[in-house]
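Enquirer: This is the structure I want to talk about, given as structure tokens.
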Amino acid sequence: MEFFWLTFAAFLTLAVFSFLYKDNPFYKFAEHLFVGVAAGYVVCVEFYNVFLPNLWRPLTNDGQWGLLIPFALGIALFTRFTSKWAWVSRWPMSIIIGTYAGLAVIGFASGDLVLQLQASMVPVISVPDVAAFTLRPGVISFLQVLANPVFTIGLICVLFYFFFSVEHRGTFRLISTTGTTLLMIGFGAGYGYTVMTRIALLFDRLYFLFVDWLHIAKV
Amino acid sequence: MSRFLSRFEKLDRRWIFLLIALAVTLPLFVDLGMSPSSTPPVRDFYNQIERLPERSLVLCSFDYDPGGKAELSPMAYAVLRHLMSKNCRVVVITLWSTGPGLVEEVVNDVCRDEFHRQYGLDYCYLGFKEGREAVMVGMGRSIRETFPRDHYQTPIGQLPIMSDVQNYSSFPLLVNISSGYPGTKEYVQYVESRFAIPLISGASAVSVPEYAAYYTSGQLRGLLTGITGAAEYETLINRKGLAMIAMGGQTMGHLIIIFFILAGNLVYFVNRRGKAR
Amino acid sequence: MKRELPMIITFVFGVFMIIQYFIPHPIVNNLAGILQSWAIIVIAFSYVLGSANILRINGEILYRRGQDWPYKLVLVLGFMLMLVTGLIGGIEQGSFANDRLFMSIYIPMSATMYATLAFFIASAAFRAFRIRTWQAALLAITAVVVMLGRVPVSQFLWKQFPDFVDWIMNVPNAVAQRGILIGAALGAIATGLKVVLGLERSYLGRD
């Protein structure tokens, strides 16, 4: 029985991969089965992990009748299916939107804006890094000496690149171009890391097919 | 020659698909003997756990789904093995709705089957909770109210491990393994900055360039980068796992992509020069 | 009140989430806890709504014998099978829904769908990645250096290659990302305030 399910999983894996050759009924079958199972699983997860412990049991066992309000609002979401009463679904939607908009203002302000700016207040020349370089000269220790100047001056250049109230000409163009250079390095690093993720995912699937299912490779 | 290069530039992509599949499959049959050396972010991640006193209670948030399993499952396994070998206690949660089954498998494989720890005393799995940032902020006030029951519907008051747990202040460390949203970025924004709990993270490589800014600012005390970071971490804890096995495939994959970039541009420039003539 | 009441609700919840950060009084904290628990419950219902919508749309096509209706039948059957076995037998390890449906159907397909991206990225690397400007050249060089440096073979080329890539990530890349983060944070704060204050109302839809 275990082998049957393993083979079925391998069949579905190959069915999805078959799309790389061209669209075909096996892929369509797998795709639709996936969507159906995923949608069903989400309902089960929400039922066991939210509905039962956070709503139903406190409501019925602990007498927290205030939870009738979010219960009613949750049901109100389903009025979206009717054209006459769809406006009622705006009430629970506005709770979600309001909560997350408010949290986002604080989260981005404290976590990203203030703390990132705070972390950028570093001396242009780091004396410990210079000392480390003089003690043990090398490529990496030299690059570490450049770290603080690149950080401070580079950050100003990158932020200036996004400042469009002034035309980027002359000295401003030089500053903006320096910002562009750093952004291109950042995007190149992002591309390289994206490749890393995709290859890891592919290797995992090939490992499943050749090692877990077929047992023709041993690692 | 120019006709050949013209046709080569427009090569049917299915040949490219076949080449990459062969390249990544090869290390499954030929051992390339690849072992990475550790980098500072990984060593910092390792040291944060290594410094924990015995029986420390650690909060682990494993936020990934099957799409991120390849990179993050090895990290989750390695983290739990490290924590268990340090005789720490763990409380595990997940914030991804398609993650509960995956995370449960990791927790049971390591804590129950490998290290024979007792559920409810040495470790517990609180399961999934919907709400993303609202859950993160809610846990800062009260974890018991946010997670009234664990994944197995046991009331949280019946778990001895949770007896002294109120909120984030009950934990010396928060370990987040994340595939995207919600994950590390949200923990940095809503938890680390607000509740001052030390945070270390393992993330999919695609997210890591952004998290480098958090690492350099000290908001993240350690960072594992994708499958390579997981392999480095496995080296540090002296436990070969799936990440180390994947290094061969990773190497071949990277080399072939580099070849494609260089070859594609070489062919393009040669063709362009030929057309200019 | 079809639009005004939702805007008032958005304003109340939004402002409360903001001021809660600055007023750590137990009364405020307790009220925030209640409102956050309400939000968690409502969001859970929204995910169920999404699944119900999938069922509704595909069920309609199946009922009318529309295009690709056999595949819609597969979708609906898969949904019902997971729902029934999950609700009756649970979704923990050891249950049919988890061990068979989730582990043998959902995980392989979800992982494989993401794995196919590797093929497309390889195809794009050969057919679409063209170095026409100095910016693209810089991007390509950085990408090649990072890809090379993050695999063990780089140590044979230069022992400090991994440390060099680490420097690229923690210095020039971090600078760029920090600039983007700061800019994005300003935008997110502005958008959040616009939503809370009712200046941004697209989430209400049309009347």
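By order of appearance in the structure tokens: chains A, B, ..., then residues from 1 within every chain, and ligands from 1 in the order shown.
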I want to know what sits within 10 Å of Tyr27 of chain A, based on only C-alpha atoms, with residues of the same chain fewer than 5 positions away left out; could you give that as JSON, numbers by chain?

Expert: {"A": [12, 13, 14, 15, 16, 17, 18, 19, 20, 22, 32, 33]}

Enquirer: Find the spatial neighbours of segment 53-66 of chain A, counting only C-alpha atoms, within a cut-off of 7 Å - ignore same-chain residues fewer than 4 positions away - and output them as JSON, numbers by chain.

Expert: {"A": [49], "B": [148, 149]}

Enquirer: Write the selection just made, keeping N, CA and C atoms, as a PDB file, in the first residue's frame?

Expert:
```pdb
ATOM      1  N   ASN A  49      -7.669  24.437  13.509  1.00  0.00           N
ATOM      2  CA  ASN A  49      -6.692  25.327  14.141  1.00  0.00           C
ATOM      3  C   ASN A  49      -7.234  26.689  14.539  1.00  0.00           C
TER       4      ASN A  49
ATOM      5  N   PRO B 148      -5.000  28.638  22.313  1.00  0.00           N
ATOM      6  CA  PRO B 148      -5.619  28.023  23.484  1.00  0.00           C
ATOM      7  C   PRO B 148      -5.453  26.502  23.530  1.00  0.00           C
ATOM      8  N   ARG B 149      -5.242  25.909  22.353  1.00  0.00           N
ATOM      9  CA  ARG B 149      -5.013  24.457  22.294  1.00  0.00           C
ATOM     10  C   ARG B 149      -3.846  24.183  21.357  1.00  0.00           C
TER      11      ARG B 149
END
```

Enquirer: Please report as a PyMOL selection string which residues of chain C come no farther than 6 Å from chain A, using only C-alpha atoms.

Expert: chain C and resi 6+10+13-14+17-18+38-39+42+44-45+48+51+71+74-76+78-79+82-83+86+104-105+108-109+112+115+118+139+142-143+146-147+171-173+175-176+179+182+185+189+192

Enquirer: Just to be explicit: take each residue in the selection above, keep N, CA and C atoms, and write the result as a CSV table (one decimal), in the first residue's frame.

Expert:
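Saved file selection-v6.csv follows:
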```csv
chain,number,residue,atom,x,y,z
C,6,PRO,N,-18.4,50.8,6.9
C,6,PRO,CA,-17.1,50.0,6.8
C,6,PRO,C,-15.9,51.0,6.9
C,10,THR,N,-12.9,50.5,9.6
C,10,THR,CA,-11.5,50.5,9.3
C,10,THR,C,-10.7,51.5,10.1
C,13,PHE,N,-10.5,50.3,13.9
C,13,PHE,CA,-9.5,49.2,14.1
C,13,PHE,C,-8.1,49.7,13.8
C,14,GLY,N,-7.9,50.4,12.7
C,14,GLY,CA,-6.6,50.9,12.3
C,14,GLY,C,-6.0,51.8,13.3
C,17,MET,N,-5.0,49.9,16.5
C,17,MET,CA,-3.7,49.1,16.3
C,17,MET,C,-2.5,50.0,16.4
C,18,ILE,N,-2.7,51.3,16.0
C,18,ILE,CA,-1.5,52.2,16.0
C,18,ILE,C,-1.3,52.7,17.4
C,38,TRP,N,-10.6,38.7,17.2
C,38,TRP,CA,-11.7,38.8,16.2
C,38,TRP,C,-11.1,38.8,14.8
C,39,ALA,N,-10.1,39.5,14.6
C,39,ALA,CA,-9.5,39.6,13.3
C,39,ALA,C,-9.0,38.2,12.8
C,42,VAL,N,-12.1,36.2,11.7
C,42,VAL,CA,-12.7,36.7,10.5
C,42,VAL,C,-11.8,36.3,9.3
C,44,ALA,N,-9.8,33.7,9.1
C,44,ALA,CA,-10.0,32.3,8.9
C,44,ALA,C,-11.2,32.0,8.0
C,45,PHE,N,-12.3,32.7,8.3
C,45,PHE,CA,-13.5,32.6,7.5
C,45,PHE,C,-13.2,33.0,6.1
C,48,VAL,N,-11.9,30.2,4.2
C,48,VAL,CA,-12.9,29.2,3.8
C,48,VAL,C,-13.8,29.8,2.7
C,51,SER,N,-12.0,29.0,-0.6
C,51,SER,CA,-12.2,27.6,-1.0
C,51,SER,C,-13.6,27.4,-1.5
C,71,TYR,N,-12.2,17.6,-15.9
C,71,TYR,CA,-11.2,18.0,-15.0
C,71,TYR,C,-11.8,18.7,-13.8
C,74,VAL,N,-12.8,16.2,-11.4
C,74,VAL,CA,-11.6,15.7,-10.6
C,74,VAL,C,-11.4,16.7,-9.5
C,75,LEU,N,-11.4,18.0,-9.8
C,75,LEU,CA,-11.2,19.0,-8.8
C,75,LEU,C,-12.2,18.9,-7.6
C,76,VAL,N,-13.5,18.8,-8.0
C,76,VAL,CA,-14.6,18.7,-7.0
C,76,VAL,C,-14.4,17.5,-6.1
C,78,GLY,N,-11.7,15.8,-5.6
C,78,GLY,CA,-10.5,15.9,-4.7
C,78,GLY,C,-10.8,16.8,-3.5
C,79,PHE,N,-11.6,17.9,-3.7
C,79,PHE,CA,-12.0,18.8,-2.7
C,79,PHE,C,-12.8,18.0,-1.6
C,82,MET,N,-10.9,15.3,0.4
C,82,MET,CA,-10.0,15.9,1.4
C,82,MET,C,-10.9,16.5,2.6
C,83,LEU,N,-12.0,17.1,2.2
C,83,LEU,CA,-12.8,17.8,3.2
C,83,LEU,C,-13.4,16.7,4.1
C,86,GLY,N,-10.8,14.8,6.1
C,86,GLY,CA,-10.1,15.6,7.0
C,86,GLY,C,-11.0,16.0,8.2
C,104,SER,N,1.0,12.5,-0.1
C,104,SER,CA,1.2,11.8,-1.3
C,104,SER,C,0.6,12.5,-2.5
C,105,ILE,N,-0.3,13.5,-2.3
C,105,ILE,CA,-0.9,14.3,-3.4
C,105,ILE,C,-0.4,15.7,-3.3
C,108,PRO,N,3.9,16.4,-3.2
C,108,PRO,CA,4.6,16.2,-4.4
C,108,PRO,C,4.3,17.2,-5.5
C,109,MET,N,3.0,17.5,-5.6
C,109,MET,CA,2.6,18.4,-6.7
C,109,MET,C,3.0,19.8,-6.4
C,112,THR,N,6.7,20.1,-6.9
C,112,THR,CA,7.0,20.0,-8.3
C,112,THR,C,6.7,21.2,-9.1
C,115,ALA,N,9.4,23.4,-8.6
C,115,ALA,CA,10.6,22.9,-9.1
C,115,ALA,C,10.7,23.2,-10.6
C,118,ALA,N,12.9,26.0,-12.1
C,118,ALA,CA,14.3,25.9,-12.4
C,118,ALA,C,14.5,25.8,-13.9
C,139,LEU,N,25.1,43.4,-13.3
C,139,LEU,CA,24.1,42.5,-12.7
C,139,LEU,C,24.6,41.1,-13.0
C,142,THR,N,27.8,40.1,-11.1
C,142,THR,CA,27.5,39.8,-9.7
C,142,THR,C,26.7,38.5,-9.5
C,143,ALA,N,25.8,38.2,-10.4
C,143,ALA,CA,25.0,37.0,-10.4
C,143,ALA,C,26.0,35.8,-10.5
C,146,VAL,N,28.2,35.4,-7.4
C,146,VAL,CA,27.4,34.9,-6.3
C,146,VAL,C,27.1,33.4,-6.4
C,147,MET,N,26.6,33.0,-7.7
C,147,MET,CA,26.3,31.6,-7.9
C,147,MET,C,27.5,30.7,-7.7
C,171,VAL,N,27.6,44.0,2.3
C,171,VAL,CA,27.9,45.4,2.1
C,171,VAL,C,27.2,46.0,0.9
C,172,PRO,N,27.6,45.8,-0.4
C,172,PRO,CA,26.9,46.5,-1.4
C,172,PRO,C,25.4,46.0,-1.6
C,173,ASN,N,25.2,44.7,-1.4
C,173,ASN,CA,23.8,44.3,-1.5
C,173,ASN,C,23.0,44.8,-0.4
C,175,VAL,N,23.4,47.5,1.3
C,175,VAL,CA,23.2,48.9,1.1
C,175,VAL,C,22.0,49.1,0.2
C,176,ALA,N,22.0,48.4,-0.9
C,176,ALA,CA,20.9,48.6,-1.9
C,176,ALA,C,19.6,48.2,-1.3
C,179,GLY,N,18.3,50.7,1.2
C,179,GLY,CA,17.7,51.9,0.5
C,179,GLY,C,16.3,51.5,0.1
C,182,ILE,N,14.0,51.3,3.2
C,182,ILE,CA,13.6,52.6,3.7
C,182,ILE,C,12.5,53.2,2.8
C,185,ALA,N,9.3,51.4,3.2
C,185,ALA,CA,8.7,51.6,4.5
C,185,ALA,C,7.9,53.0,4.4
C,189,ILE,N,3.9,53.1,5.0
C,189,ILE,CA,3.3,54.0,6.1
C,189,ILE,C,2.3,54.9,5.4
C,192,GLY,N,-0.7,52.8,4.4
C,192,GLY,CA,-1.5,52.4,5.6
C,192,GLY,C,-2.3,53.5,6.1
```

Enquirer: Contacts between chain B and chain C, please, where a residue of chain C counts if it comes within 6 Å (with only C-alpha atoms); show its shortest atom pair and distance in Å to one decimal, rows by chain and ascending number, as a tab-separated table.

Expert:
```
residue	atom	partner	partner_atom	distance
C:Gln36	CA	B:Ala134	CA	5.9
C:Ile40	CA	B:Gly131	CA	4.8
C:Ala44	CA	B:Glu130	CA	6.0
C:Ile107	CA	B:Pro66	CA	5.2
C:Ser110	CA	B:Gly67	CA	5.7
C:Ala111	CA	B:Gly67	CA	4.5
C:Tyr114	CA	B:Gly67	CA	5.8
C:Phe119	CA	B:Phe17	CA	5.3
C:Ala122	CA	B:Ile257	CA	5.9
C:Ser123	CA	B:Arg13	CA	5.8
C:Ala125	CA	B:Ile261	CA	5.1
C:Phe126	CA	B:Gly264	CA	4.5
C:Arg130	CA	B:Asn265	CA	5.9
C:Met147	CA	B:His254	CA	5.9
C:Val151	CA	B:Thr251	CA	5.4
C:Pro152	CA	B:Pro36	CA	4.7
C:Asn170	CA	B:Ala212	CA	5.8
C:Ala174	CA	B:Ala213	CA	4.6
C:Gln177	CA	B:Glu210	CA	5.6
C:Arg178	CA	B:Ala213	CA	5.5
```

Enquirer: Could the residues in this selection be saved with C-alpha atoms as a PDB file, in the first residue's frame?

Expert:
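This is the output file selection-v5.pdb:
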```pdb
ATOM      1  CA  GLN C  36      -6.898  40.833  17.308  1.00  0.00           C
ATOM      2  CA  ILE C  40      -7.969  36.065  13.421  1.00  0.00           C
ATOM      3  CA  ALA C  44      -9.994  32.274   8.894  1.00  0.00           C
ATOM      4  CA  ILE C 107       3.247  17.827  -1.242  1.00  0.00           C
ATOM      5  CA  SER C 110       3.183  21.638  -4.848  1.00  0.00           C
ATOM      6  CA  ALA C 111       6.912  20.968  -4.678  1.00  0.00           C
ATOM      7  CA  TYR C 114       7.852  25.196  -7.843  1.00  0.00           C
ATOM      8  CA  PHE C 119      13.758  24.891 -16.010  1.00  0.00           C
ATOM      9  CA  ALA C 122      17.612  28.044 -17.172  1.00  0.00           C
ATOM     10  CA  SER C 123      15.782  28.753 -20.413  1.00  0.00           C
ATOM     11  CA  ALA C 125      19.336  32.498 -18.736  1.00  0.00           C
ATOM     12  CA  PHE C 126      20.202  31.244 -22.215  1.00  0.00           C
ATOM     13  CA  ARG C 130      21.243  39.724 -22.763  1.00  0.00           C
ATOM     14  CA  MET C 147      26.301  31.639  -7.919  1.00  0.00           C
ATOM     15  CA  VAL C 151      28.755  26.342  -3.958  1.00  0.00           C
ATOM     16  CA  PRO C 152      31.619  24.359  -2.408  1.00  0.00           C
ATOM     17  CA  ASN C 170      26.574  42.179   3.566  1.00  0.00           C
ATOM     18  CA  ALA C 174      22.781  45.269   2.007  1.00  0.00           C
ATOM     19  CA  GLN C 177      18.369  46.545   0.071  1.00  0.00           C
ATOM     20  CA  ARG C 178      18.439  49.017   2.921  1.00  0.00           C
TER      21      ARG C 178
END
```

Enquirer: Record the distance separating atom CA of Cys60 of chain B and atom CA of Tyr125 of chain B, expressed in Å with one decimal.

Expert: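 Result for atom CA of Cys60 of chain B versus atom CA of Tyr125 of chain B: 9.5 Å, one decimal.
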
Enquirer: Please provide the set of residues having any atom within 12 Å of Gln48 of chain B, restricted to only C-alpha atoms, with same-chain residues fewer than 3 positions apart removed, written as a list of chain:residue names.

Expert: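 Within the cut-off, the hits are B:Pro41, B:Val42, B:Arg43, B:Asp44, B:Phe45, B:Arg51, B:Leu52, B:Pro53, B:Val58, B:Val79, B:His82, B:Leu83, B:Lys86, B:Pro172, B:Leu173, B:Leu174, B:Val175, B:Pro198, B:Leu199, B:Ile200, B:Ser201, B:Leu220, B:Arg221, B:Gly222, B:Leu223.
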
Enquirer: One number please: atom CA of Ala32 of chain C to atom CA of Val15 of chain C, in Å, one decimal.

Expert: 11.0 Å

Enquirer: Residues of segment 74-119 of chain B in strand (DSSP E) according to DSSP, as number ranges by chain?

Expert: B: 89-94

Enquirer: The selected residues should be written to file as a compact mmCIF listing (two decimals), in the first residue's frame (atoms: N, CA and C atoms).

Expert:
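Generated output (result.txt):
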```txt
# COMPACT_ATOMS: atom_id res chain seq x y z
N ARG B 89 14.36 22.79 25.48
CA ARG B 89 12.96 22.49 25.25
C ARG B 89 12.45 23.40 24.13
N VAL B 90 11.53 22.88 23.34
CA VAL B 90 11.06 23.68 22.20
C VAL B 90 9.54 23.76 22.15
N VAL B 91 9.08 24.93 21.76
CA VAL B 91 7.66 25.15 21.45
C VAL B 91 7.63 25.51 19.97
N VAL B 92 6.92 24.71 19.19
CA VAL B 92 6.93 24.90 17.73
C VAL B 92 5.56 25.37 17.26
N ILE B 93 5.58 26.35 16.39
CA ILE B 93 4.34 26.83 15.76
C ILE B 93 4.58 26.98 14.26
N THR B 94 3.49 27.19 13.52
CA THR B 94 3.61 27.54 12.11
C THR B 94 2.53 28.56 11.76
```

Enquirer: Which is closer to chain B than all the others in A:Met1, A:Ala132, A:Val127, A:Leu52, using only C-alpha atoms?

Expert: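 So, comparing all the options, the nearest one is A:Leu52.
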
Enquirer: Restricting the calculation to only C-alpha atoms, which member of B:Tyr77, B:Tyr64, B:Phe4, B:Tyr190 is positioned closest to Met136 of chain B?

Expert: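 Under the stated criterion, the closest residue is B:Tyr190.
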
Enquirer: Please provide as a PyMOL selection string all residues within 6 Å of Asp63 of chain B, with the sequence filter that same-chain residues fewer than 6 positions apart are discarded (counting only C-alpha atoms).

Expert: chain B and resi 94-96+177-178

Enquirer: Of the candidates B:Leu236, B:Ala203, B:Ala78, B:Val107, which shows the shortest atom-to-atom distance to chain A, using only C-alpha atoms?

Expert: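 Of B:Leu236, B:Ala203, B:Ala78, B:Val107, the one nearest chain A, counting only C-alpha atoms, is B:Ala203.
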
Enquirer: Rounded to one decimal, what separation in Å do you get between atom CA of Leu35 of chain C and atom CA of Ile8 of chain C?

Expert: 15.0 Å

Enquirer: For Cys124 of chain B, which residue among B:Glu192, B:Asp164, B:Asp150, B:Asp31 is the nearest when counting only C-alpha atoms?

Expert: B:Asp150

Enquirer: Calculated over only C-alpha atoms, which of the candidates B:Asn271, B:Thr25, B:Ser170, B:Gln158 has the smallest distance to chain A?

Expert: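 Smallest distance to chain A is found for B:Thr25.
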